Amino acid sequence: MTADLLKDFASALLTGGVRIVDLTATLSPETPTLPLPTEFGWGESWPFSMETISRYDEKGPAWYWNNLRCGEHTGTHFDAPIHWVTGKDHENHATDTLPPERFVAPAVVIDAVAESEANPDFLMSVDFIRDWESRHGEIPAGAWVLYRTDWSKKVGTEGYLNQHGDGCHTPGWEPATVAFLAEERDIIGVGVETVGTDCGQASSQEPIFPCHNLMHGANKCGLASLCNLDQLPPTGAILIAAPLKIREGSGSPARVLALVPGS
Ligand code: 23J
Ligand code: MN
């Protein structure tokens, strides 16, 4: 049975019956990193940088390779539960110990493009999710919830971080919504197109950074800086999203792929 399923899957991959959508942004020195408020003395994440060791030259006549440097939470990346203080006592909560079953899972896509365009501080409510469920069915346990804003299309413009004197203005969640998803839907985690899984003004929400606080507190994961969510169906995609196996890592840049029904 299972062997037949994988055989059918292999042929669907070959014939285009299953398509792969890359949800990963290109990592470069221009990749935006999270600007946290500066007034509290909080540490800063290094941006991505790359230094060539050799490129078929005197440092290595037949080989090209680079040294890399970046924060764990740079570009399209995975947040492990250990990332937040509320998740610090879970078992298998870091990049090297998370069960790999979490890395292959179904995804639902909730479209909030119009709302985010009209209001960059849009916060998704529980009612918004319930309305989505009335059209597409209940979010299944063990699924990723992807928050579509088309915000990834703003990368390279001021509008992406949308930073003003009072901080960033990007969409996110009402605290009750992440509590609902974590407790009443038992999802794997949430994925967003913005630089982090919380809204731009999350340092003034209660609790601060509610998505990080409540999701990681419930041993759930996160995905940030996704792109191409506009190419996914509302239900029916399978996500492959795995962090690097960094010992006691809190997260890492990840290659995130979606399998979707093809022709
Ligand atoms: C640390 C503190 C606040 C936030 C974040 C990290 C992230 O967004 C992240 O990448 O995990 S909001
Ligand atoms: Mn992160």
# chains A, B, ... in the order shown; residues from 1 in each chain; ligands from 1

call {"tool": "residues_around", "arguments": {"residues": "A:Gly262", "least_positions_apart": "3", "cutoff": "12 Å", "atoms": "only C-alpha atoms", "output": "list in words"}}
result
Phe9, Ala12, Leu13, Leu14, Thr15, Gly16, Gly17, Val18, Arg19, Ile20, Val21, Gln231, Leu232, Pro233, Gly236, Ala237, Ala258 and Leu259 of chain A

call {"tool": "residues_around", "arguments": {"residues": "A:Ser252", "least_positions_apart": "5", "cutoff": "6 Å", "atoms": "only C-alpha atoms", "output": "MDAnalysis selection string"}}
result
chainID A and resid 72:73 77:78 243:244

call {"tool": "select_by_dssp", "arguments": {"residues": "stretch 66-149 of chain A", "states": "strand (DSSP E or B)", "output": "number ranges by chain"}}
result
A: 66-69, 77-79, 104-111, 123-124, 144-148

call {"tool": "residues_around", "arguments": {"residues": "A:Leu23", "least_positions_apart": "2", "cutoff": "12 Å", "atoms": "only C-alpha atoms", "output": "VMD selection string"}}
result
chain A and resid 20 to 21 25 to 26 75 to 77 146 148 150 152 191 to 193 223 to 232 237 to 241 254 to 260

call {"tool": "write_last_selection", "arguments": {"atoms": "N, CA, C and O atoms", "output": "CSV table (one decimal), in the first residue's frame"}}
result
chain,number,residue,atom,x,y,z
A,20,ILE,N,6.7,21.3,-7.7
A,20,ILE,CA,7.4,21.8,-6.6
A,20,ILE,C,7.4,23.3,-6.7
A,20,ILE,O,7.8,23.9,-7.7
A,21,VAL,N,7.0,24.0,-5.6
A,21,VAL,CA,7.0,25.4,-5.6
A,21,VAL,C,8.1,25.8,-4.5
A,21,VAL,O,8.0,25.3,-3.4
A,25,ALA,N,13.4,32.6,-0.3
A,25,ALA,CA,14.0,33.8,-0.9
A,25,ALA,C,15.5,33.5,-1.0
A,25,ALA,O,16.1,32.8,-0.2
A,26,THR,N,16.1,34.2,-2.0
A,26,THR,CA,17.6,34.1,-2.2
A,26,THR,C,18.3,34.8,-1.0
A,26,THR,O,17.9,35.9,-0.7
A,75,GLY,N,16.9,35.6,6.6
A,75,GLY,CA,16.2,35.2,5.4
A,75,GLY,C,15.1,34.2,5.6
A,75,GLY,O,14.5,34.1,6.7
A,76,THR,N,14.8,33.4,4.6
A,76,THR,CA,13.8,32.3,4.8
A,76,THR,C,14.3,31.4,5.9
A,76,THR,O,15.4,30.8,5.6
A,77,HIS,N,13.7,31.3,7.0
A,77,HIS,CA,14.3,30.5,8.1
A,77,HIS,C,13.2,29.8,9.0
A,77,HIS,O,12.0,30.2,9.0
A,146,LEU,N,0.0,28.8,6.8
A,146,LEU,CA,0.8,29.9,6.1
A,146,LEU,C,-0.1,31.1,5.9
A,146,LEU,O,-1.3,31.0,5.5
A,148,ARG,N,-0.7,34.3,4.1
A,148,ARG,CA,-0.4,35.0,2.8
A,148,ARG,C,-0.7,36.4,2.9
A,148,ARG,O,-1.9,36.8,3.1
A,150,ASP,N,1.4,38.5,0.5
A,150,ASP,CA,2.2,39.0,-0.6
A,150,ASP,C,3.3,40.0,-0.2
A,150,ASP,O,3.8,40.7,-1.1
A,152,SER,N,6.2,39.4,0.6
A,152,SER,CA,7.5,39.0,0.1
A,152,SER,C,7.8,39.8,-1.2
A,152,SER,O,8.9,39.9,-1.6
A,191,GLY,N,3.7,30.0,9.3
A,191,GLY,CA,4.7,30.5,8.4
A,191,GLY,C,4.2,31.8,7.8
A,191,GLY,O,3.0,31.9,7.5
A,192,VAL,N,5.1,32.8,7.6
A,192,VAL,CA,4.7,34.1,7.2
A,192,VAL,C,5.7,34.6,6.1
A,192,VAL,O,6.7,34.0,5.9
A,193,GLU,N,5.2,35.7,5.4
A,193,GLU,CA,6.1,36.3,4.4
A,193,GLU,C,6.9,37.4,4.9
A,193,GLU,O,7.8,37.9,4.2
A,223,LEU,N,8.0,29.6,10.6
A,223,LEU,CA,8.8,29.9,9.3
A,223,LEU,C,8.6,31.3,9.0
A,223,LEU,O,7.5,31.8,9.0
A,224,ALA,N,9.7,32.0,8.7
A,224,ALA,CA,9.6,33.4,8.4
A,224,ALA,C,10.2,33.7,7.0
A,224,ALA,O,11.0,32.9,6.5
A,225,SER,N,9.9,34.9,6.4
A,225,SER,CA,10.4,35.3,5.1
A,225,SER,C,10.2,34.3,4.0
A,225,SER,O,11.0,34.1,3.2
A,226,LEU,N,9.0,33.7,4.0
A,226,LEU,CA,8.6,32.8,2.9
A,226,LEU,C,8.2,33.7,1.7
A,226,LEU,O,7.9,34.9,1.8
A,227,CYS,N,8.3,33.1,0.5
A,227,CYS,CA,7.8,33.8,-0.7
A,227,CYS,C,7.0,32.8,-1.5
A,227,CYS,O,6.9,31.6,-1.2
A,228,ASN,N,6.4,33.3,-2.6
A,228,ASN,CA,5.6,32.5,-3.5
A,228,ASN,C,4.4,31.8,-2.9
A,228,ASN,O,3.9,30.8,-3.5
A,229,LEU,N,3.9,32.3,-1.8
A,229,LEU,CA,2.6,31.7,-1.3
A,229,LEU,C,1.5,31.9,-2.2
A,229,LEU,O,0.5,31.2,-2.1
A,230,ASP,N,1.6,32.9,-3.1
A,230,ASP,CA,0.5,33.1,-4.1
A,230,ASP,C,0.4,31.9,-5.1
A,230,ASP,O,-0.5,31.8,-5.9
A,231,GLN,N,1.4,31.0,-5.1
A,231,GLN,CA,1.4,29.9,-6.0
A,231,GLN,C,0.8,28.6,-5.4
A,231,GLN,O,0.8,27.5,-5.9
A,232,LEU,N,0.3,28.7,-4.1
A,232,LEU,CA,-0.2,27.6,-3.4
A,232,LEU,C,-1.7,27.6,-3.3
A,232,LEU,O,-2.3,28.6,-3.2
A,237,ALA,N,-1.5,21.4,-0.2
A,237,ALA,CA,0.0,21.4,-0.4
A,237,ALA,C,0.7,20.6,0.7
A,237,ALA,O,0.1,20.5,1.8
A,238,ILE,N,1.8,20.1,0.4
A,238,ILE,CA,2.7,19.4,1.4
A,238,ILE,C,4.0,20.3,1.5
A,238,ILE,O,4.6,20.6,0.4
A,239,LEU,N,4.4,20.6,2.7
A,239,LEU,CA,5.6,21.4,2.9
A,239,LEU,C,6.8,20.6,3.3
A,239,LEU,O,6.6,19.7,4.1
A,240,ILE,N,7.9,20.9,2.7
A,240,ILE,CA,9.2,20.3,3.2
A,240,ILE,C,10.0,21.5,3.7
A,240,ILE,O,10.3,22.4,2.9
A,241,ALA,N,10.2,21.5,5.0
A,241,ALA,CA,10.9,22.7,5.6
A,241,ALA,C,11.7,22.1,6.7
A,241,ALA,O,11.2,21.6,7.7
A,254,ALA,N,16.6,28.0,6.0
A,254,ALA,CA,16.1,26.8,5.5
A,254,ALA,C,15.7,26.9,4.0
A,254,ALA,O,15.3,28.0,3.6
A,255,ARG,N,15.8,25.8,3.3
A,255,ARG,CA,15.2,25.7,2.0
A,255,ARG,C,13.8,25.2,2.2
A,255,ARG,O,13.6,24.1,2.6
A,256,VAL,N,12.8,26.0,1.8
A,256,VAL,CA,11.4,25.5,2.1
A,256,VAL,C,10.7,25.3,0.7
A,256,VAL,O,10.7,26.2,-0.1
A,257,LEU,N,10.2,24.1,0.6
A,257,LEU,CA,9.6,23.6,-0.7
A,257,LEU,C,8.2,23.2,-0.4
A,257,LEU,O,7.8,22.6,0.6
A,258,ALA,N,7.3,23.5,-1.4
A,258,ALA,CA,5.9,23.0,-1.3
A,258,ALA,C,5.6,22.0,-2.5
A,258,ALA,O,6.0,22.3,-3.6
A,259,LEU,N,5.0,20.9,-2.2
A,259,LEU,CA,4.5,20.0,-3.2
A,259,LEU,C,3.0,20.4,-3.5
A,259,LEU,O,2.3,20.4,-2.5
A,260,VAL,N,2.7,20.6,-4.7
A,260,VAL,CA,1.3,21.0,-5.0
A,260,VAL,C,0.8,20.2,-6.2
A,260,VAL,O,1.6,19.7,-7.0

call {"tool": "atom_distance", "arguments": {"atom1": "atom CA of A:Gly87", "atom2": "atom CA of A:Lys220"}}
result
8.6 Å

call {"tool": "closest_atom_pairs", "arguments": {"of": "chain A", "to": "ligand 1", "cutoff": "10 Å", "atoms": "only C-alpha atoms and all ligand atoms", "output": "CSV"}}
result
residue,atom,partner,partner_atom_place_in_ligand_line,distance
A:Thr33,CA,ligand 1,10 (O),8.2
A:Leu34,CA,ligand 1,8 (O),6.3
A:Pro35,CA,ligand 1,4 (C),8.8
A:Leu36,CA,ligand 1,3 (C),6.8
A:Pro37,CA,ligand 1,3 (C),9.6
A:Trp42,CA,ligand 1,2 (C),8.7
A:Gly43,CA,ligand 1,1 (C),9.0
A:Glu44,CA,ligand 1,1 (C),8.9
A:Ser45,CA,ligand 1,6 (C),8.6
A:Gly71,CA,ligand 1,10 (O),9.2
A:Glu72,CA,ligand 1,10 (O),8.0
A:His73,CA,ligand 1,10 (O),4.6
A:Thr74,CA,ligand 1,10 (O),7.1
A:Gly75,CA,ligand 1,10 (O),8.7
A:Thr76,CA,ligand 1,10 (O),9.4
A:His77,CA,ligand 1,10 (O),7.6
A:Phe78,CA,ligand 1,11 (O),8.1
A:Asp79,CA,ligand 1,11 (O),5.8
A:Ala80,CA,ligand 1,11 (O),8.7
A:His83,CA,ligand 1,11 (O),7.0
A:Trp84,CA,ligand 1,1 (C),8.1
A:Thr194,CA,ligand 1,8 (O),8.9
A:Val195,CA,ligand 1,8 (O),6.3
A:Gly196,CA,ligand 1,8 (O),3.4
A:Thr197,CA,ligand 1,8 (O),5.6
A:Asp198,CA,ligand 1,12 (S),5.3
A:Cys199,CA,ligand 1,12 (S),7.5
A:Gly200,CA,ligand 1,12 (S),7.7
A:Gln201,CA,ligand 1,12 (S),9.1
A:Ala202,CA,ligand 1,12 (S),7.0
A:Ser203,CA,ligand 1,3 (C),7.8
A:Ile208,CA,ligand 1,3 (C),8.8
A:Phe209,CA,ligand 1,12 (S),6.0
A:Pro210,CA,ligand 1,12 (S),9.1
A:Cys211,CA,ligand 1,12 (S),8.5
A:His212,CA,ligand 1,12 (S),7.1
A:Asn213,CA,ligand 1,3 (C),9.7
A:Gly222,CA,ligand 1,11 (O),7.8
A:Leu223,CA,ligand 1,10 (O),8.5
A:Ala224,CA,ligand 1,10 (O),6.8
A:Ser225,CA,ligand 1,10 (O),8.9
A:Ser250,CA,ligand 1,11 (O),8.6
A:Gly251,CA,ligand 1,11 (O),7.8
A:Ser252,CA,ligand 1,10 (O),9.3

call {"tool": "write_last_selection", "arguments": {"atoms": "C-alpha atoms", "output": "short mmCIF file (atom, residue, chain, number, x, y, z; two decimals), in the first residue's frame"}}
result
data_model
loop_
_atom_site.label_atom_id
_atom_site.label_comp_id
_atom_site.auth_asym_id
_atom_site.auth_seq_id
_atom_site.Cartn_x
_atom_site.Cartn_y
_atom_site.Cartn_z
CA THR A 33 17.19 41.24 8.95
CA LEU A 34 14.90 41.91 11.89
CA PRO A 35 15.25 45.44 13.29
CA LEU A 36 14.34 45.15 16.99
CA PRO A 37 13.74 48.34 18.98
CA TRP A 42 18.77 43.98 22.86
CA GLY A 43 21.36 42.21 20.69
CA GLU A 44 21.34 42.34 16.92
CA SER A 45 21.36 39.59 14.35
CA GLY A 71 22.41 35.04 12.37
CA GLU A 72 20.33 31.87 12.69
CA HIS A 73 17.21 33.91 11.94
CA THR A 74 18.25 35.29 8.56
CA GLY A 75 16.21 35.21 5.37
CA THR A 76 13.78 32.35 4.82
CA HIS A 77 14.25 30.49 8.10
CA PHE A 78 12.93 28.02 10.63
CA ASP A 79 12.15 28.93 14.27
CA ALA A 80 12.54 26.03 16.74
CA HIS A 83 14.03 30.05 20.37
CA TRP A 84 11.70 31.47 23.03
CA THR A 194 7.29 39.02 6.72
CA VAL A 195 10.74 39.12 8.38
CA GLY A 196 9.48 37.42 11.57
CA THR A 197 6.39 35.47 12.61
CA ASP A 198 5.10 38.37 14.74
CA CYS A 199 3.80 41.73 13.54
CA GLY A 200 6.11 44.75 13.27
CA GLN A 201 4.70 46.30 16.45
CA ALA A 202 4.90 43.06 18.47
CA SER A 203 7.18 44.52 21.15
CA ILE A 208 5.29 40.85 23.77
CA PHE A 209 5.89 38.87 20.54
CA PRO A 210 2.73 36.79 21.11
CA CYS A 211 3.30 34.40 18.21
CA HIS A 212 6.78 33.50 19.45
CA ASN A 213 5.58 33.41 23.07
CA GLY A 222 7.78 28.94 12.89
CA LEU A 223 8.77 29.85 9.35
CA ALA A 224 9.59 33.43 8.35
CA SER A 225 10.41 35.32 5.14
CA SER A 250 17.34 28.05 17.88
CA GLY A 251 16.62 28.06 14.16
CA SER A 252 18.39 28.33 10.84
#

call {"tool": "select_by_dssp", "arguments": {"residues": "stretch 8-52 of chain A", "states": "alpha helix (DSSP H)", "output": "PyMOL selection string"}}
result
chain A and resi 8-15

call {"tool": "write_last_selection", "arguments": {"atoms": "N, CA, C and O atoms", "output": "tab-separated table (two decimals), in the first residue's frame"}}
result
chain	number	residue	atom	x	y	z
A	8	ASP	N	3.58	5.81	-7.04
A	8	ASP	CA	2.71	6.77	-7.74
A	8	ASP	C	3.26	8.18	-7.59
A	8	ASP	O	3.24	8.99	-8.52
A	9	PHE	N	3.75	8.46	-6.40
A	9	PHE	CA	4.31	9.79	-6.13
A	9	PHE	C	5.53	10.04	-7.02
A	9	PHE	O	5.66	11.10	-7.63
A	10	ALA	N	6.40	9.05	-7.11
A	10	ALA	CA	7.60	9.19	-7.94
A	10	ALA	C	7.21	9.45	-9.40
A	10	ALA	O	7.81	10.31	-10.06
A	11	SER	N	6.19	8.78	-9.89
A	11	SER	CA	5.83	9.01	-11.29
A	11	SER	C	5.13	10.36	-11.45
A	11	SER	O	5.29	11.03	-12.46
A	12	ALA	N	4.37	10.77	-10.43
A	12	ALA	CA	3.74	12.10	-10.48
A	12	ALA	C	4.80	13.21	-10.49
A	12	ALA	O	4.64	14.23	-11.15
A	13	LEU	N	5.91	12.99	-9.79
A	13	LEU	CA	7.00	13.97	-9.81
A	13	LEU	C	7.61	14.05	-11.20
A	13	LEU	O	7.95	15.14	-11.69
A	14	LEU	N	7.72	12.90	-11.85
A	14	LEU	CA	8.32	12.85	-13.19
A	14	LEU	C	7.43	13.48	-14.24
A	14	LEU	O	7.90	14.14	-15.16
A	15	THR	N	6.12	13.27	-14.12
A	15	THR	CA	5.20	13.69	-15.18
A	15	THR	C	4.60	15.07	-14.94
A	15	THR	O	3.85	15.58	-15.77

call {"tool": "residues_around", "arguments": {"residues": "stretch 133-140 of chain A", "least_positions_apart": "4", "cutoff": "12 Å", "atoms": "only C-alpha atoms", "output": "JSON, numbers by chain"}}
result
{"A": [105, 106, 107, 108, 109, 110, 111, 126, 127, 128, 129, 144, 145, 146, 180, 181, 182, 184, 185, 186, 187, 188, 189, 190, 233, 234, 235, 236]}

call {"tool": "write_last_selection", "arguments": {"atoms": "N, CA, C and O atoms", "output": "tab-separated table (two decimals), in the first residue's frame"}}
result
chain	number	residue	atom	x	y	z
A	105	ALA	N	5.08	18.06	6.09
A	105	ALA	CA	3.74	18.19	6.67
A	105	ALA	C	2.82	18.97	5.73
A	105	ALA	O	3.30	19.79	4.94
A	106	PRO	N	1.50	18.75	5.84
A	106	PRO	CA	0.57	19.53	5.01
A	106	PRO	C	0.55	21.00	5.42
A	106	PRO	O	0.92	21.34	6.54
A	107	ALA	N	0.09	21.83	4.48
A	107	ALA	CA	0.00	23.27	4.76
A	107	ALA	C	-1.33	23.81	4.28
A	107	ALA	O	-1.83	23.40	3.23
A	108	VAL	N	-1.91	24.71	5.06
A	108	VAL	CA	-3.05	25.49	4.59
A	108	VAL	C	-2.57	26.93	4.42
A	108	VAL	O	-1.63	27.36	5.08
A	109	VAL	N	-3.21	27.64	3.49
A	109	VAL	CA	-2.80	29.01	3.19
A	109	VAL	C	-3.98	29.94	3.43
A	109	VAL	O	-5.02	29.79	2.79
A	110	ILE	N	-3.81	30.86	4.34
A	110	ILE	CA	-4.88	31.82	4.65
A	110	ILE	C	-4.52	33.15	4.00
A	110	ILE	O	-3.47	33.73	4.27
A	111	ASP	N	-5.39	33.59	3.10
A	111	ASP	CA	-5.14	34.77	2.29
A	111	ASP	C	-5.61	36.03	3.02
A	111	ASP	O	-6.81	36.19	3.26
A	126	VAL	N	-9.29	35.58	15.39
A	126	VAL	CA	-9.86	34.23	15.40
A	126	VAL	C	-11.03	34.15	14.42
A	126	VAL	O	-11.17	33.17	13.68
A	127	ASP	N	-11.86	35.20	14.37
A	127	ASP	CA	-12.99	35.21	13.44
A	127	ASP	C	-12.53	35.10	11.99
A	127	ASP	O	-13.20	34.46	11.17
A	128	PHE	N	-11.40	35.73	11.68
A	128	PHE	CA	-10.85	35.65	10.31
A	128	PHE	C	-10.54	34.19	9.97
A	128	PHE	O	-10.82	33.73	8.86
A	129	ILE	N	-9.96	33.48	10.93
A	129	ILE	CA	-9.63	32.06	10.72
A	129	ILE	C	-10.91	31.24	10.61
A	129	ILE	O	-11.03	30.37	9.74
A	144	TRP	N	0.93	23.01	8.83
A	144	TRP	CA	1.45	24.37	8.89
A	144	TRP	C	0.31	25.32	8.51
A	144	TRP	O	-0.46	25.02	7.60
A	145	VAL	N	0.24	26.46	9.15
A	145	VAL	CA	-0.67	27.52	8.74
A	145	VAL	C	0.17	28.64	8.11
A	145	VAL	O	0.99	29.26	8.80
A	146	LEU	N	0.00	28.85	6.83
A	146	LEU	CA	0.77	29.87	6.11
A	146	LEU	C	-0.11	31.11	5.93
A	146	LEU	O	-1.26	31.01	5.51
A	180	PHE	N	-5.40	30.30	19.87
A	180	PHE	CA	-6.40	29.43	19.25
A	180	PHE	C	-5.73	28.37	18.35
A	180	PHE	O	-6.04	27.18	18.44
A	181	LEU	N	-4.79	28.81	17.52
A	181	LEU	CA	-4.12	27.87	16.60
A	181	LEU	C	-3.30	26.84	17.36
A	181	LEU	O	-3.28	25.66	17.03
A	182	ALA	N	-2.61	27.31	18.41
A	182	ALA	CA	-1.73	26.41	19.17
A	182	ALA	C	-2.54	25.42	20.00
A	182	ALA	O	-2.19	24.24	20.09
A	184	GLU	N	-6.26	24.96	20.04
A	184	GLU	CA	-7.48	24.34	19.54
A	184	GLU	C	-7.32	23.72	18.16
A	184	GLU	O	-8.22	23.03	17.69
A	185	ARG	N	-6.21	23.96	17.50
A	185	ARG	CA	-5.99	23.33	16.20
A	185	ARG	C	-4.73	22.48	16.17
A	185	ARG	O	-4.50	21.74	15.24
A	186	ASP	N	-3.88	22.58	17.16
A	186	ASP	CA	-2.70	21.72	17.29
A	186	ASP	C	-1.88	21.63	16.01
A	186	ASP	O	-1.56	20.55	15.52
A	187	ILE	N	-1.57	22.80	15.48
A	187	ILE	CA	-0.81	22.87	14.23
A	187	ILE	C	0.69	22.61	14.50
A	187	ILE	O	1.12	22.60	15.64
A	188	ILE	N	1.45	22.42	13.44
A	188	ILE	CA	2.92	22.31	13.58
A	188	ILE	C	3.50	23.67	13.89
A	188	ILE	O	4.44	23.81	14.67
A	189	GLY	N	2.93	24.71	13.26
A	189	GLY	CA	3.41	26.06	13.46
A	189	GLY	C	2.83	26.97	12.39
A	189	GLY	O	1.98	26.55	11.61
A	190	VAL	N	3.31	28.20	12.37
A	190	VAL	CA	2.84	29.14	11.37
A	190	VAL	C	4.02	29.61	10.52
A	190	VAL	O	5.16	29.65	10.97
A	233	PRO	N	-2.30	26.38	-3.33
A	233	PRO	CA	-3.74	26.29	-3.11
A	233	PRO	C	-4.04	26.51	-1.62
A	233	PRO	O	-3.15	26.31	-0.78
A	234	PRO	N	-5.29	26.89	-1.27
A	234	PRO	CA	-5.63	27.11	0.14
A	234	PRO	C	-5.43	25.85	0.99
A	234	PRO	O	-5.05	25.94	2.15
A	235	THR	N	-5.69	24.68	0.41
A	235	THR	CA	-5.42	23.42	1.09
A	235	THR	C	-4.83	22.46	0.06
A	235	THR	O	-4.98	22.67	-1.14
A	236	GLY	N	-4.16	21.43	0.55
A	236	GLY	CA	-3.70	20.37	-0.36
A	236	GLY	C	-2.21	20.37	-0.65
A	236	GLY	O	-1.72	19.43	-1.27

call {"tool": "closest_residue", "arguments": {"among": "A:Pro253, A:Pro100, A:Gly41, A:Pro32", "to": "ligand 2", "atoms": "only C-alpha atoms and all ligand atoms"}}
result
A:Pro253

call {"tool": "closest_residue", "arguments": {"among": "A:Ser204, A:Ile82, A:Glu58, A:Asn92", "to": "ligand 2", "atoms": "only C-alpha atoms and all ligand atoms"}}
result
A:Ile82

call {"tool": "atom_distance", "arguments": {"atom1": "atom CA of A:Val155", "atom2": "atom CA of A:Val104"}}
result
26.8 Å

call {"tool": "atom_distance", "arguments": {"atom1": "atom CA of A:Met124", "atom2": "atom CA of A:Trp173"}}
result
4.7 Å

call {"tool": "closest_residue", "arguments": {"among": "A:Thr86, A:Thr170, A:Gly142, A:Ala94", "to": "A:Phe122", "atoms": "only C-alpha atoms"}}
result
A:Thr170

call {"tool": "closest_residue", "arguments": {"among": "A:Gly217, A:Pro99, A:Gly249, A:Pro207", "to": "ligand 2", "atoms": "only C-alpha atoms and all ligand atoms"}}
result
A:Gly249
